[in-house]
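Student: Below you'll find the structure I mean.
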Amino acid sequence: MHTCNCGVSAARNTGIENATSDYIVFIDPDDTVKENYFSTIKAFMTSTSVDVAILGFHQIVEDKDGNVVKEGEVFPQKNYISNSVEETVRTVLPKYLGYSVEDILEWVKSKEAISKRLEWGAVWRNVYRRDFLNKNQIRFNPSIRLNEDSMFNAMCFSRAQKIRTLNKGFYCYTIRPSGAFMKKRDAELVGNKMALLEARSNIVNDLNERGFNFSVKDYAGSNVMSCFELIIKMPFSARRETKKYISNLLVKESIKILPFTGRKKVDIPLLALKCNLQALMIYAVNLGKLFGVQFQL
């Protein structure tokens with residue numbers, strides 16, 4: 001089937017809607033799978049009757065010349081076993097929804113990268129029961145072009161009753177230098193952050209309507225970290241868009257409820273945000289860039 005080039009989310013939605021198999025997997029065009037990939041996951045899904053299976057994978061890191069510099073198995077952080085929606089929402093969903101206030105506070109006490117607080121949200125590391133996706137009308141959000149996988153998975157884990165982990169690396173994921181691709185992604189960053197903000201809010205609102213106790217606190221860390229990311233990455237010419245994101249009511253609430261952490265690299269920019277000095281931060285960061293200063297958290 002051929003469609004217009006409307007982005008990966010639209011293409012994946014078309015695939016889901018036209019699929020006829022019991023289970024759905026996603027394979028990126030530059031990745032590969034091992035010979036027994038399909039037979040293994042079919043047997044696992046059939047024997048466990050899960051809505052979603054979270055898989056391990058084989059990771060391959062290449063340099064700019066295509067030489068393999070590192071490879072190995074990557075497994076989920078936990079052996080997830082859930083038999084009810086309540087259990088899935090409590091144990092699995094937080095790993096995909098975003099950084100909570102608690103995630104930020106725990107992160108500053110540790111030496112690990114903040115990304116370790118969440119599971120890798122790529123959809124190619126999961127297997128989905130097609131009937132589950134259709135019954136709950138779960139689809140990709142075309143407005144989200146970066147991190148669309150995580151929001152798709154967050155929707156799944158806000159609804160899934162039965163989850164299991166398969167710690168086997170039959171999917172081969174290859175990491176290559178990104179370069180210009182990342183620069184292209186930066187140009188979409190502000191609009192994408194706004195779309196992510198809306199998607200997380202919609203998921204939380206839906207959870208609350210179903211009797212769960214969630215709030216902006218459960219993804220406030222992501223909102224504040226996004227402020228830092230935009231101020232650091234976006235060019236000075238995009239300052240109005242950056243300030244518009246920071247001025248969003250949910251973002252302002254996130255800034256308000258996130259306490260100081262005791263880590264200066266976080267607390268100094270957080271103080272500036274709490275004091276509505278984002279314009280000054282943008283000017284300072286861009287001035288620093290002119291003198292070769294590298295900013296990172």
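All residue names refer to the structure tokens as shown: chains lettered A, B, ... in order, residues numbered from 1 in each chain, ligands numbered from 1 in order.
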Using only C-alpha atoms, which protein or nucleic acid residues come within 7 Å of stretch 220-232 of chain A? Drop anything in the same chain fewer than 5 positions from it, and give the result as a ChimeraX atom specification.

Tutor: /A:98-101,104,242,246,251,254-255,282,285,295

Student: Near A:Tyr96, counting only C-alpha atoms, which residues have an atom at most 10 Å away, once you skip same-chain residues fewer than 4 positions from it, shown as a VMD selection string?

Tutor: chain A and resid 92 117 to 121 149 to 158 219

Student: Okay, now the selection with C-alpha atoms, as a PDB file, in the first residue's frame?

Tutor:
```pdb
ATOM      1  CA  VAL A  92       4.712   0.503  33.923  1.00  0.00           C
ATOM      2  CA  ARG A 117      14.860   7.283  34.858  1.00  0.00           C
ATOM      3  CA  LEU A 118      12.575   6.149  32.024  1.00  0.00           C
ATOM      4  CA  GLU A 119      12.365   3.087  29.810  1.00  0.00           C
ATOM      5  CA  TRP A 120      13.483   3.486  26.217  1.00  0.00           C
ATOM      6  CA  GLY A 121      10.156   4.277  24.586  1.00  0.00           C
ATOM      7  CA  ASP A 149       6.862   6.409  20.291  1.00  0.00           C
ATOM      8  CA  SER A 150       6.850   7.228  24.013  1.00  0.00           C
ATOM      9  CA  MET A 151       3.414   8.847  23.848  1.00  0.00           C
ATOM     10  CA  PHE A 152       2.019   5.902  21.887  1.00  0.00           C
ATOM     11  CA  ASN A 153       3.384   3.565  24.549  1.00  0.00           C
ATOM     12  CA  ALA A 154       2.071   5.795  27.343  1.00  0.00           C
ATOM     13  CA  MET A 155      -1.404   5.489  25.855  1.00  0.00           C
ATOM     14  CA  CYS A 156      -0.960   1.714  25.672  1.00  0.00           C
ATOM     15  CA  PHE A 157       0.199   1.408  29.265  1.00  0.00           C
ATOM     16  CA  SER A 158      -2.646   3.604  30.493  1.00  0.00           C
ATOM     17  CA  TYR A 219       5.254  14.665  34.284  1.00  0.00           C
TER      18      TYR A 219
END
```

Student: Would you pick out the contacts of A:Lys34 at 8 Å or less, using only C-alpha atoms, so that residues sharing its chain but fewer than 3 positions from it are not included, and give the list as a PyMOL selection string?

Tutor: chain A and resi 37+170-172

Student: Those same residues, written as a tab-separated table (two decimals), in the first residue's frame with N, CA and C atoms?

Tutor:
```
chain	number	residue	atom	x	y	z
A	37	TYR	N	13.15	-14.21	15.17
A	37	TYR	CA	12.43	-13.09	15.78
A	37	TYR	C	10.91	-13.32	15.76
A	170	PHE	N	16.25	-10.27	20.00
A	170	PHE	CA	16.12	-10.72	18.62
A	170	PHE	C	16.03	-9.55	17.64
A	171	TYR	N	15.76	-8.34	18.16
A	171	TYR	CA	15.73	-7.14	17.32
A	171	TYR	C	17.11	-6.50	17.37
A	172	CYS	N	17.66	-6.14	16.22
A	172	CYS	CA	19.00	-5.55	16.15
A	172	CYS	C	18.90	-4.06	15.81
```

Student: Could you work out how far atom CA of A:Ser215 lies from atom CA of A:Glu102, giving the answer in Å with one decimal?

Tutor: 13.0 Å

Student: Which neighbours of A:Lys78 fall inside 12 Å, counting only C-alpha atoms, when residues of the same chain fewer than 4 positions from it are skipped, and could you give them as a PyMOL selection string?

Tutor: chain A and resi 54-56+74+82+91-92+95+117-119+163-167

Student: With only C-alpha atoms as the counted atoms, please give the residues lying no more than 9 Å from A:Pro269, apart from itself and same-chain residues fewer than 5 positions off, as a list of chain:residue names.

Tutor: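 The contact residues come out as A:Phe228, A:Lys264, A:Lys274, A:Gln278, A:Met281.
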
Student: Can you spit out the residues from that selection as a PDB file, in the first residue's frame, using C-alpha atoms?

Tutor:
```
ATOM      1  CA  PHE A 228      16.081  24.060  29.790  1.00  0.00           C
ATOM      2  CA  LYS A 264      23.449  24.181  41.182  1.00  0.00           C
ATOM      3  CA  LYS A 274      10.576  30.736  38.990  1.00  0.00           C
ATOM      4  CA  GLN A 278      13.467  33.339  30.974  1.00  0.00           C
ATOM      5  CA  MET A 281      18.350  33.302  30.356  1.00  0.00           C
TER       6      MET A 281
END
```

Student: Given only C-alpha atoms as the basis, pick out the residue of A:Asn36, A:Thr14, A:Thr88, A:Asn208 nearest to A:Gln161.

Tutor: A:Thr88

Student: Go through A:Met234, A:Ile175, A:Leu290, A:Leu133 and flag the residue nearest A:Ala19, using only C-alpha atoms for the distances.

Tutor: A:Leu133

Student: Which one is closest to A:Val8: A:Asn136, A:Asn141, A:Thr46, A:Asn202? Count only C-alpha atoms.

Tutor: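 Comparing A:Asn136, A:Asn141, A:Thr46, A:Asn202 against A:Val8, the winner is A:Asn141.
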
Student: Enumerate, as a list of chain:residue names, the complete set of residues in stretch 61-140 of chain A that a backbone-based DSSP assignment places in strand (DSSP E).

Tutor: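 So, restricting stretch 61-140 of chain A to strand (DSSP E), we get A:Val61, A:Glu62, A:Val68, A:Val69, A:Lys70, A:Glu71, A:Gly72, A:Glu73, A:Val74, A:Ile81, A:Ser82, A:Asn126, A:Val127, A:Tyr128, A:Arg129.
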
Student: Take the selection from the previous step and output its residues with N, CA, C and O atoms, as a PDB file, in the first residue's frame.

Tutor:
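Full text of part29.pdb as output:
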```
ATOM      1  N   VAL A  61      26.499  -0.199  17.837  1.00  0.00           N
ATOM      2  CA  VAL A  61      26.935   1.191  17.692  1.00  0.00           C
ATOM      3  C   VAL A  61      28.012   1.263  16.610  1.00  0.00           C
ATOM      4  O   VAL A  61      29.014   0.556  16.683  1.00  0.00           O
ATOM      5  N   GLU A  62      27.794   2.106  15.614  1.00  0.00           N
ATOM      6  CA  GLU A  62      28.751   2.263  14.525  1.00  0.00           C
ATOM      7  C   GLU A  62      29.366   3.657  14.535  1.00  0.00           C
ATOM      8  O   GLU A  62      28.748   4.619  15.018  1.00  0.00           O
ATOM      9  N   VAL A  68      31.649  -1.152  13.408  1.00  0.00           N
ATOM     10  CA  VAL A  68      31.026  -1.441  14.695  1.00  0.00           C
ATOM     11  C   VAL A  68      32.027  -1.171  15.808  1.00  0.00           C
ATOM     12  O   VAL A  68      33.109  -1.753  15.847  1.00  0.00           O
ATOM     13  N   VAL A  69      31.670  -0.263  16.723  1.00  0.00           N
ATOM     14  CA  VAL A  69      32.564   0.087  17.823  1.00  0.00           C
ATOM     15  C   VAL A  69      32.086  -0.499  19.153  1.00  0.00           C
ATOM     16  O   VAL A  69      32.848  -0.583  20.110  1.00  0.00           O
ATOM     17  N   LYS A  70      30.807  -0.907  19.202  1.00  0.00           N
ATOM     18  CA  LYS A  70      30.267  -1.479  20.431  1.00  0.00           C
ATOM     19  C   LYS A  70      28.972  -2.216  20.122  1.00  0.00           C
ATOM     20  O   LYS A  70      28.203  -1.788  19.266  1.00  0.00           O
ATOM     21  N   GLU A  71      28.749  -3.317  20.802  1.00  0.00           N
ATOM     22  CA  GLU A  71      27.471  -4.002  20.667  1.00  0.00           C
ATOM     23  C   GLU A  71      27.197  -4.852  21.902  1.00  0.00           C
ATOM     24  O   GLU A  71      28.111  -5.226  22.626  1.00  0.00           O
ATOM     25  N   GLY A  72      25.929  -5.128  22.121  1.00  0.00           N
ATOM     26  CA  GLY A  72      25.547  -5.919  23.287  1.00  0.00           C
ATOM     27  C   GLY A  72      24.043  -5.941  23.476  1.00  0.00           C
ATOM     28  O   GLY A  72      23.299  -5.288  22.734  1.00  0.00           O
ATOM     29  N   GLU A  73      23.601  -6.698  24.465  1.00  0.00           N
ATOM     30  CA  GLU A  73      22.178  -6.843  24.735  1.00  0.00           C
ATOM     31  C   GLU A  73      21.698  -5.740  25.688  1.00  0.00           C
ATOM     32  O   GLU A  73      22.400  -5.373  26.621  1.00  0.00           O
ATOM     33  N   VAL A  74      20.511  -5.230  25.429  1.00  0.00           N
ATOM     34  CA  VAL A  74      19.873  -4.239  26.297  1.00  0.00           C
ATOM     35  C   VAL A  74      18.513  -4.796  26.705  1.00  0.00           C
ATOM     36  O   VAL A  74      17.695  -5.141  25.849  1.00  0.00           O
ATOM     37  N   ILE A  81       5.544  -7.573  35.105  1.00  0.00           N
ATOM     38  CA  ILE A  81       4.459  -8.552  35.077  1.00  0.00           C
ATOM     39  C   ILE A  81       3.214  -7.868  35.627  1.00  0.00           C
ATOM     40  O   ILE A  81       3.174  -7.467  36.794  1.00  0.00           O
ATOM     41  N   SER A  82       2.222  -7.717  34.789  1.00  0.00           N
ATOM     42  CA  SER A  82       0.985  -7.075  35.219  1.00  0.00           C
ATOM     43  C   SER A  82      -0.199  -7.887  34.735  1.00  0.00           C
ATOM     44  O   SER A  82      -0.214  -8.388  33.613  1.00  0.00           O
ATOM     45  N   ASN A 126       8.646  -3.323  21.423  1.00  0.00           N
ATOM     46  CA  ASN A 126       7.426  -3.906  21.972  1.00  0.00           C
ATOM     47  C   ASN A 126       6.659  -4.691  20.920  1.00  0.00           C
ATOM     48  O   ASN A 126       6.817  -4.457  19.717  1.00  0.00           O
ATOM     49  N   VAL A 127       5.801  -5.598  21.368  1.00  0.00           N
ATOM     50  CA  VAL A 127       4.855  -6.296  20.509  1.00  0.00           C
ATOM     51  C   VAL A 127       3.457  -5.981  21.035  1.00  0.00           C
ATOM     52  O   VAL A 127       3.223  -6.040  22.249  1.00  0.00           O
ATOM     53  N   TYR A 128       2.530  -5.661  20.132  1.00  0.00           N
ATOM     54  CA  TYR A 128       1.201  -5.222  20.525  1.00  0.00           C
ATOM     55  C   TYR A 128       0.137  -6.168  19.959  1.00  0.00           C
ATOM     56  O   TYR A 128       0.211  -6.575  18.798  1.00  0.00           O
ATOM     57  N   ARG A 129      -0.840  -6.493  20.783  1.00  0.00           N
ATOM     58  CA  ARG A 129      -1.974  -7.269  20.291  1.00  0.00           C
ATOM     59  C   ARG A 129      -2.882  -6.331  19.513  1.00  0.00           C
ATOM     60  O   ARG A 129      -3.327  -5.307  20.027  1.00  0.00           O
TER      61      ARG A 129
END
```

Student: Between atom CA of A:Leu105 and atom CA of A:Thr261, what is the distance in Å, rounded to a tenth?

Tutor: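 That distance, rounded to one decimal, is 6.1 Å.
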
Student: A:Asn276, A:Pro259, A:Leu250, A:Leu189: which is nearest A:Pro235, counting only C-alpha atoms?

Tutor: A:Leu189

Student: Just asking: which residues within stretch 105-223 of chain A are helix (DSSP H, G or I) according to DSSP, as a VMD selection string?

Tutor: chain A and resid 105 to 109 114 to 117 123 to 125 130 to 135 148 to 157 180 to 187 189 to 209 216 to 218 220 to 223

Student: So which one's closest to A:Ile203, A:Pro94, A:Pro76, A:Gly169, A:Gly191? Using only C-alpha atoms, please.

Tutor: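 Of A:Pro94, A:Pro76, A:Gly169, A:Gly191, the one nearest A:Ile203 is A:Pro94, counting only C-alpha atoms.
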
Student: If you count only C-alpha atoms, which residues fall within 9 Å of A:Met194, apart from same-chain ones fewer than 5 positions away, as a PyMOL selection string?

Tutor: chain A and resi 144+189+199+245+248

Student: Go ahead and write the residues just picked, all heavy atoms, as a PDB file, in the first residue's frame.

Tutor:
```
ATOM      1  N   ILE A 144       3.022  14.918  16.766  1.00  0.00           N
ATOM      2  CA  ILE A 144       4.277  14.659  17.477  1.00  0.00           C
ATOM      3  C   ILE A 144       5.240  13.955  16.534  1.00  0.00           C
ATOM      4  O   ILE A 144       4.969  12.843  16.067  1.00  0.00           O
ATOM      5  CB  ILE A 144       4.037  13.782  18.727  1.00  0.00           C
ATOM      6  CG1 ILE A 144       3.015  14.440  19.642  1.00  0.00           C
ATOM      7  CG2 ILE A 144       5.345  13.540  19.477  1.00  0.00           C
ATOM      8  CD1 ILE A 144       2.623  13.581  20.837  1.00  0.00           C
ATOM      9  N   LEU A 189      11.630  21.596  17.299  1.00  0.00           N
ATOM     10  CA  LEU A 189      11.602  21.304  18.724  1.00  0.00           C
ATOM     11  C   LEU A 189      10.470  21.983  19.485  1.00  0.00           C
ATOM     12  O   LEU A 189       9.781  21.351  20.288  1.00  0.00           O
ATOM     13  CB  LEU A 189      12.954  21.671  19.349  1.00  0.00           C
ATOM     14  CG  LEU A 189      13.352  20.970  20.636  1.00  0.00           C
ATOM     15  CD1 LEU A 189      13.257  19.461  20.488  1.00  0.00           C
ATOM     16  CD2 LEU A 189      14.760  21.369  21.058  1.00  0.00           C
ATOM     17  N   ALA A 199      -0.363  16.057  24.698  1.00  0.00           N
ATOM     18  CA  ALA A 199      -0.581  14.611  24.732  1.00  0.00           C
ATOM     19  C   ALA A 199      -0.513  14.074  26.156  1.00  0.00           C
ATOM     20  O   ALA A 199      -1.356  13.264  26.570  1.00  0.00           O
ATOM     21  CB  ALA A 199       0.457  13.911  23.854  1.00  0.00           C
ATOM     22  N   TYR A 245       6.342  28.627  24.988  1.00  0.00           N
ATOM     23  CA  TYR A 245       6.252  27.324  25.652  1.00  0.00           C
ATOM     24  C   TYR A 245       6.370  27.502  27.169  1.00  0.00           C
ATOM     25  O   TYR A 245       5.580  26.936  27.931  1.00  0.00           O
ATOM     26  CB  TYR A 245       7.353  26.389  25.160  1.00  0.00           C
ATOM     27  CG  TYR A 245       7.370  25.068  25.900  1.00  0.00           C
ATOM     28  CD1 TYR A 245       6.527  24.031  25.520  1.00  0.00           C
ATOM     29  CD2 TYR A 245       8.204  24.869  27.005  1.00  0.00           C
ATOM     30  CE1 TYR A 245       6.502  22.821  26.216  1.00  0.00           C
ATOM     31  CE2 TYR A 245       8.187  23.674  27.701  1.00  0.00           C
ATOM     32  CZ  TYR A 245       7.344  22.657  27.302  1.00  0.00           C
ATOM     33  OH  TYR A 245       7.325  21.473  28.009  1.00  0.00           O
ATOM     34  N   ASN A 248       3.249  28.622  28.954  1.00  0.00           N
ATOM     35  CA  ASN A 248       2.088  27.744  28.998  1.00  0.00           C
ATOM     36  C   ASN A 248       1.690  27.475  30.452  1.00  0.00           C
ATOM     37  O   ASN A 248       2.545  27.318  31.322  1.00  0.00           O
ATOM     38  CB  ASN A 248       2.410  26.428  28.288  1.00  0.00           C
ATOM     39  CG  ASN A 248       1.253  25.452  28.292  1.00  0.00           C
ATOM     40  OD1 ASN A 248       1.029  24.748  29.266  1.00  0.00           O
ATOM     41  ND2 ASN A 248       0.533  25.396  27.187  1.00  0.00           N
TER      42      ASN A 248
END
```

Student: If I take atom CA of A:Asp31 and atom CA of A:Phe132, how far is one from the other in Å, to one decimal?

Tutor: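 Atom-to-atom, atom CA of A:Asp31 and atom CA of A:Phe132 are spaced 25.9 Å apart.
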